[in-house]
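Engineer: Just so it is clear, I am handing over run_28.txt, which has compact mmCIF, C-alpha atoms.
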```txt
# COMPACT_ATOMS: atom_id res chain seq x y z
CA MET A 25 0.00 0.00 0.00
CA LYS A 26 1.21 3.49 -0.82
CA ASN A 27 0.73 6.40 1.62
CA LEU A 28 2.33 4.57 4.55
CA ASP A 29 4.03 7.83 5.57
CA LYS A 30 0.70 9.63 5.85
CA PRO A 31 -1.56 9.53 8.90
CA LEU A 32 -4.16 6.81 8.49
CA PHE A 33 -7.69 6.52 9.83
CA PHE A 34 -8.52 2.84 10.14
CA ASP A 35 -12.27 2.50 10.19
CA THR A 36 -13.76 -0.40 12.19
CA SER A 37 -14.09 -2.68 9.16
CA ALA A 38 -10.33 -2.45 8.58
CA LEU A 39 -9.39 -2.72 12.25
CA LEU A 40 -11.33 -5.86 13.23
CA PRO A 41 -9.31 -8.26 11.00
CA TYR A 42 -6.21 -7.37 13.05
CA TYR A 43 -7.87 -8.94 16.10
CA ARG A 44 -9.84 -11.81 14.53
CA LEU A 45 -8.67 -14.12 11.78
CA GLU A 46 -10.29 -13.55 8.39
CA VAL A 47 -9.22 -13.05 4.79
CA LEU A 48 -7.87 -9.53 5.38
CA SER A 49 -5.99 -10.21 8.61
CA PHE A 50 -2.56 -10.54 7.04
CA VAL A 51 -2.83 -7.43 4.85
CA VAL A 52 -4.18 -5.34 7.75
CA GLN A 53 -1.34 -6.42 10.02
CA THR A 54 1.18 -5.70 7.27
CA ILE A 55 -0.12 -2.14 6.88
CA LEU A 56 -0.25 -1.48 10.61
CA THR A 57 3.29 -2.72 11.19
CA ALA A 58 4.63 -0.80 8.17
CA ALA A 59 2.82 2.49 8.91
CA ARG A 60 5.14 5.31 9.92
CA ASN A 61 2.63 7.90 11.01
CA ASP A 62 -0.42 8.22 13.25
CA ILE A 63 -3.16 5.61 13.17
CA PHE A 64 -6.20 7.61 14.20
CA ILE A 65 -9.19 6.29 16.07
CA ASN A 66 -12.12 8.07 17.71
CA ASP A 67 -15.08 7.42 19.98
CA LEU A 68 -17.11 6.03 17.09
CA THR A 69 -14.40 3.37 16.63
CA ASP A 70 -14.93 2.29 20.24
CA VAL A 71 -18.70 2.10 19.77
CA GLU A 72 -18.45 0.15 16.51
CA ILE A 73 -15.85 -2.30 17.88
CA ALA A 74 -18.10 -2.94 20.89
CA SER A 75 -21.10 -3.32 18.58
CA ALA A 76 -19.28 -5.80 16.32
CA ILE A 77 -18.19 -7.92 19.28
CA ALA A 78 -21.72 -7.86 20.69
CA ARG A 79 -23.04 -8.96 17.30
CA TRP A 80 -20.58 -11.88 17.16
CA ARG A 81 -21.79 -12.97 20.59
CA ARG A 82 -25.48 -12.56 19.68
CA MET A 83 -24.97 -14.68 16.58
CA ASP A 84 -23.11 -17.22 18.75
CA GLU A 85 -20.07 -16.85 16.48
CA MET A 86 -17.62 -16.72 19.36
CA SER A 87 -17.40 -17.56 23.04
CA GLU A 88 -17.64 -14.98 25.79
CA SER A 89 -13.97 -15.55 26.62
CA ASP A 90 -12.98 -14.83 22.97
CA ALA A 91 -15.12 -11.69 22.98
CA LEU A 92 -13.48 -10.56 26.19
CA ALA A 93 -9.99 -11.33 24.84
CA ILE A 94 -10.54 -9.15 21.76
CA GLN A 95 -11.99 -6.31 23.81
CA GLN A 96 -9.06 -6.49 26.24
CA LYS A 97 -6.43 -6.64 23.48
CA PHE A 98 -7.90 -3.59 21.74
CA THR A 99 -8.04 -1.71 25.07
CA GLU A 100 -4.44 -2.72 25.81
CA HIS A 101 -3.30 -1.31 22.45
CA LYS A 102 -5.07 1.96 23.15
CA ILE A 103 -3.43 2.25 26.56
CA LEU A 104 -0.01 1.45 25.07
CA GLY A 105 -0.49 4.34 22.66
CA TYR A 106 -0.43 2.33 19.43
CA TYR A 107 -3.38 4.41 18.24
CA THR A 108 -3.70 8.16 18.20
CA TYR A 109 -7.01 9.26 19.64
CA GLN A 110 -8.51 12.28 17.92
CA PRO A 111 -12.09 13.14 18.88
CA ILE A 112 -14.81 13.81 16.35
CA LEU A 113 -15.42 17.55 16.49
CA PHE A 114 -18.45 19.76 16.00
CA ASP A 115 -17.04 20.79 12.62
CA ASP A 116 -17.08 17.12 11.52
CA PHE A 117 -20.79 16.85 12.37
CA LYS A 118 -21.44 20.07 10.47
CA GLN A 119 -19.50 18.89 7.41
CA ALA A 120 -21.23 15.51 7.55
CA THR A 121 -24.63 17.22 7.70
CA ASP A 122 -23.76 19.45 4.74
CA TRP A 123 -22.76 16.43 2.66
CA LEU A 124 -25.88 14.48 3.62
CA LEU A 125 -28.07 17.48 2.73
CA GLN A 126 -26.60 17.49 -0.78
CA ARG A 127 -28.51 14.21 -1.32
CA LYS A 128 -26.22 13.41 -4.25
CA THR A 129 -25.39 9.87 -3.17
CA ALA A 130 -26.70 7.13 -0.92
CA LEU A 131 -24.43 8.41 1.85
CA ARG A 132 -25.04 6.77 5.21
CA THR A 133 -24.81 8.75 8.46
CA CYS A 134 -21.66 6.94 9.66
CA ASP A 135 -20.06 7.28 6.23
CA ALA A 136 -20.55 11.04 6.28
CA LEU A 137 -19.02 11.34 9.75
CA HIS A 138 -16.06 9.11 8.90
CA LEU A 139 -15.36 11.07 5.73
CA ALA A 140 -15.61 14.49 7.39
CA TYR A 141 -13.30 13.32 10.18
CA THR A 142 -10.72 11.87 7.75
CA ALA A 143 -10.79 14.97 5.56
CA ARG A 144 -10.26 17.34 8.50
CA LEU A 145 -7.26 15.37 9.74
CA GLY A 146 -5.72 15.17 6.27
CA ALA A 147 -5.52 11.41 6.73
CA VAL A 148 -6.02 8.45 4.42
CA LEU A 149 -9.16 6.45 5.17
CA VAL A 150 -8.41 2.72 5.29
CA THR A 151 -11.60 0.69 5.03
CA ALA A 152 -12.87 -2.73 4.05
CA ASP A 153 -16.42 -1.39 3.69
CA LYS A 154 -17.06 -1.03 -0.06
CA LYS A 155 -19.89 1.48 0.40
CA LEU A 156 -17.68 3.72 2.54
CA GLY A 157 -14.88 3.42 -0.02
CA GLN A 158 -17.28 4.41 -2.78
CA ALA A 159 -18.47 7.41 -0.76
CA ALA A 160 -14.85 8.49 -0.15
CA LYS A 161 -14.25 8.40 -3.89
CA GLU A 162 -17.37 10.47 -4.61
CA PHE A 163 -16.48 13.14 -2.04
CA GLY A 164 -12.79 13.30 -2.95
CA VAL A 165 -11.49 11.95 0.37
CA ASP A 166 -8.17 10.10 0.20
CA TYR A 167 -8.89 6.40 0.82
CA GLN A 168 -7.61 2.86 0.51
CA LEU A 169 -10.18 0.12 0.05
CA LEU A 170 -9.00 -3.28 1.26
CA ILE A 171 -10.36 -6.01 -0.96
CA PRO A 172 -10.00 -9.71 -0.17
CA ARG A 173 -8.08 -11.51 -2.88
CA THR A 174 -9.84 -14.46 -4.43
CA HIS A 175 -7.69 -17.28 -5.76
CA MET B 28 24.45 20.80 18.33
CA PRO B 29 26.36 22.79 15.65
CA THR B 30 25.52 26.49 15.49
CA ILE B 31 25.08 28.42 12.23
CA HIS B 32 24.65 32.17 11.98
CA VAL B 33 21.56 33.06 9.97
CA GLU B 34 23.70 34.92 7.41
CA ASN B 35 25.56 31.70 6.66
CA VAL B 36 22.47 29.59 5.99
CA LYS B 37 22.27 30.89 2.41
CA ARG B 38 25.97 30.30 1.80
CA LEU B 39 25.74 26.74 3.08
CA GLU B 40 22.63 26.11 0.96
CA LEU B 41 19.47 24.96 2.73
CA ALA B 42 19.24 21.80 0.63
CA ASN B 43 22.61 20.61 1.96
CA LEU B 44 21.60 21.41 5.53
CA VAL B 45 18.31 19.55 5.09
CA ASN B 46 20.22 16.51 3.81
CA ASP B 47 22.30 16.52 6.98
CA VAL B 48 19.13 16.90 9.06
CA ILE B 49 17.54 13.92 7.32
CA ASN B 50 20.62 11.95 8.33
CA GLY B 51 20.08 12.88 11.97
CA GLN B 52 22.06 16.11 12.39
CA GLU B 53 20.46 19.06 14.21
CA PHE B 54 21.43 22.73 13.81
CA LEU B 55 20.90 25.80 15.94
CA ILE B 56 20.46 29.01 13.93
CA THR B 57 21.62 32.21 15.57
CA GLN B 58 21.14 35.90 14.83
CA ALA B 59 23.07 38.67 16.52
CA GLY B 60 24.55 36.07 18.83
CA GLU B 61 21.16 34.80 19.99
CA PRO B 62 19.62 31.40 19.16
CA VAL B 63 16.49 32.02 17.04
CA ALA B 64 15.63 28.71 15.35
CA LYS B 65 16.42 25.02 15.17
CA LEU B 66 16.64 22.65 12.22
CA LEU B 67 15.46 19.23 13.41
CA PRO B 68 14.40 16.03 11.66
CA ILE B 69 10.72 15.14 11.88
CA ILE B 70 10.64 11.93 13.86
CA THR B 71 8.31 9.42 12.30
CA LYS B 72 6.66 6.99 14.64
CA PRO B 73 8.57 3.77 15.20
CA ASN B 74 7.12 0.43 14.32
CA ARG B 75 4.74 -0.36 17.17
CA PHE B 76 2.07 -2.83 16.20
CA PRO B 77 3.00 -6.39 17.16
CA ASP B 78 2.38 -9.57 15.18
CA LEU B 79 -0.97 -10.86 16.48
CA SER B 80 -0.93 -14.14 14.54
CA ASP B 81 -0.82 -16.26 17.71
CA PHE B 82 -3.54 -14.21 19.35
CA ARG B 83 -5.81 -14.56 16.30
CA ALA B 84 -5.12 -18.28 16.10
CA SER B 85 -6.45 -18.65 19.65
CA ILE B 86 -9.86 -17.27 18.61
CA ALA B 87 -12.47 -18.86 16.37
CA PRO B 88 -12.06 -17.38 12.85
CA SER B 89 -14.70 -15.20 11.27
CA HIS B 90 -16.59 -16.57 8.26
CA LEU B 91 -18.12 -13.25 7.27
CA SER B 92 -15.56 -10.55 6.45
CA SER B 93 -15.54 -7.50 8.70
CA GLY B 94 -16.01 -5.35 5.59
CA LYS B 95 -19.39 -6.96 4.90
CA MET B 96 -20.42 -7.19 8.54
CA VAL B 97 -19.63 -3.57 9.41
CA SER B 98 -21.30 -2.41 6.20
CA GLN B 99 -24.44 -4.35 7.21
CA MET B 100 -24.32 -2.79 10.68
CA ARG B 101 -24.15 0.68 9.13
CA ASP B 102 -27.03 -0.13 6.77
CA GLU B 103 -29.13 -1.26 9.73
CA GLU B 104 -28.29 1.82 11.79
CA ASP B 105 -29.30 4.04 8.89
CA GLU B 106 -32.59 2.19 8.47
CA LYS B 107 -33.32 2.68 12.16
CA PHE B 108 -32.44 6.36 12.36
CA GLY B 109 -32.28 7.54 8.79
```
Turn the structure described in the file into structure tokens.
Structural biologist:
Amino acid sequence: MKNLDKPLFFDTSALLPYYRLEVLSFVVQTILTAARNDIFINDLTDVEIASAIARWRRMDEMSESDALAIQQKFTEHKILGYYTYQPILFDDFKQATDWLLQRKTALRTCDALHLAYTARLGAVLVTADKKLGQAAKEFGVDYQLLIPRTH
Amino acid sequence: MPTIHVENVKRLELANLVNDVINGQEFLITQAGEPVAKLLPIITKPNRFPDLSDFRASIAPSHLSSGKMVSQMRDEEDEKFG
């Protein structure tokens, strides 16, 4: 991946494979270990990580001890300062609202917030969510869409 | 830290000074005998994220990619509140 010297905003879809094995785990770990600048997260990341883990439990896709292990590992990494916390600001909500009011695309609420946040920080959005990647393209936000390779 | 008078920065050529800075050298710029500026390398963050292969192997793998799952979650949230 290019842009490894730029600050990166890993959205939840790109962050989860680092903690749970799936097709993108290796590529995500490679980017995180090669990155030479800030890896931003915010409060929405916390909420979405918690929501994803709760969903896995609801669907009985993992044990409670696995869910706890992932939550604890993510918390440990935050405490160790691997991530750079930057809060979502009022200006991000305003920008997100402005983009949603344009009604040009099927922009979802979270997409708009993620894009406004990334744009303000001058970061590259790293996502595995195709719809978010498409929205980033439409609104001119620097992004990297992670796509699983099929063999 | 080597000291350079501001008048000499032009003579020494900034590009050459920047090359030295990239290689780890720092310079103190002075004017009228007083320190007024520093030339320092921008420190990029060191490699921090560990290999989590063993940790991931200890947890049941996911069959649905996080890309699809998170996208579904966002669709559902939008349907609820949108």
Engineer: For A:Glu162, find every residue with an atom within 10 Å (counting only C-alpha atoms), except residues of its own chain fewer than 6 positions away, and show them as a list in words.
Structural biologist: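 With the cut-off at 10 Å, the set is Lys128, Thr129, Leu131 and Leu156 of chain A.
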Engineer: Which residues are near A:Lys102? Cut-off 12 Å, all atoms listed in the file, ignore same chain within fewer than 4 positions. Put them as number ranges by chain.
Structural biologist: A: 63-67, 69-70, 95-98, 106-109; B: 75-76
Engineer: Using all atoms listed in the file, which of the listed residues (A:Ile171, A:Val150, A:Leu45, A:Ala78) sits closest to chain B?
Structural biologist: A:Leu45
Engineer: So for stretch 136-148 of chain A, what box centre and size do we get, axis-aligned, 6 Å extra on each of the six sides, every listed atom, Å to one decimal, as AutoDock Vina command-line options?
Structural biologist:
```
--center_x -13.0 --center_y 12.9 --center_z 7.3 --size_x 27.0 --size_y 20.9 --size_z 17.8
```
Engineer: Under the rule that all atoms listed in the file are counted, which of A:Ile77, A:Glu100, A:Thr151, A:Gln110 is the nearest residue to chain B?
Structural biologist: A:Thr151
Engineer: Based on all atoms listed in the file, which of the residues in chain A come within 9 Å of chain B? I want them as number ranges by chain.
Structural biologist: A: 29, 36-50, 53-54, 56-62, 72, 75-76, 80, 85-87, 90-91, 93-94, 101, 105-106, 132-135, 151-156, 170-172
Engineer: Show which residues sit within 10 Å of B:Val45, as a PyMOL selection string. Count all atoms listed in the file, and ignore same-chain residues fewer than 6 positions away.
Structural biologist: chain B and resi 51-54+66-68
Engineer: How far is it from atom CA of A:Lys26 to atom CA of A:Gln168, in Å with one decimal?
Structural biologist: 8.9 Å
Engineer: If I take atom CA of A:Gln126 and atom CA of A:Val71, how far is one from the other in Å, to one decimal?
Structural biologist: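 If I compute the distance from atom CA of A:Gln126 to atom CA of A:Val71, I get 26.9 Å.
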Engineer: Identify which of the residues A:Asp35, A:Leu104, A:Thr99, A:Thr142 lies closest to A:Asp116, counting all atoms listed in the file when measuring atom-to-atom distances.
Structural biologist: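 Closest residue, counting all atoms listed in the file: A:Thr142.
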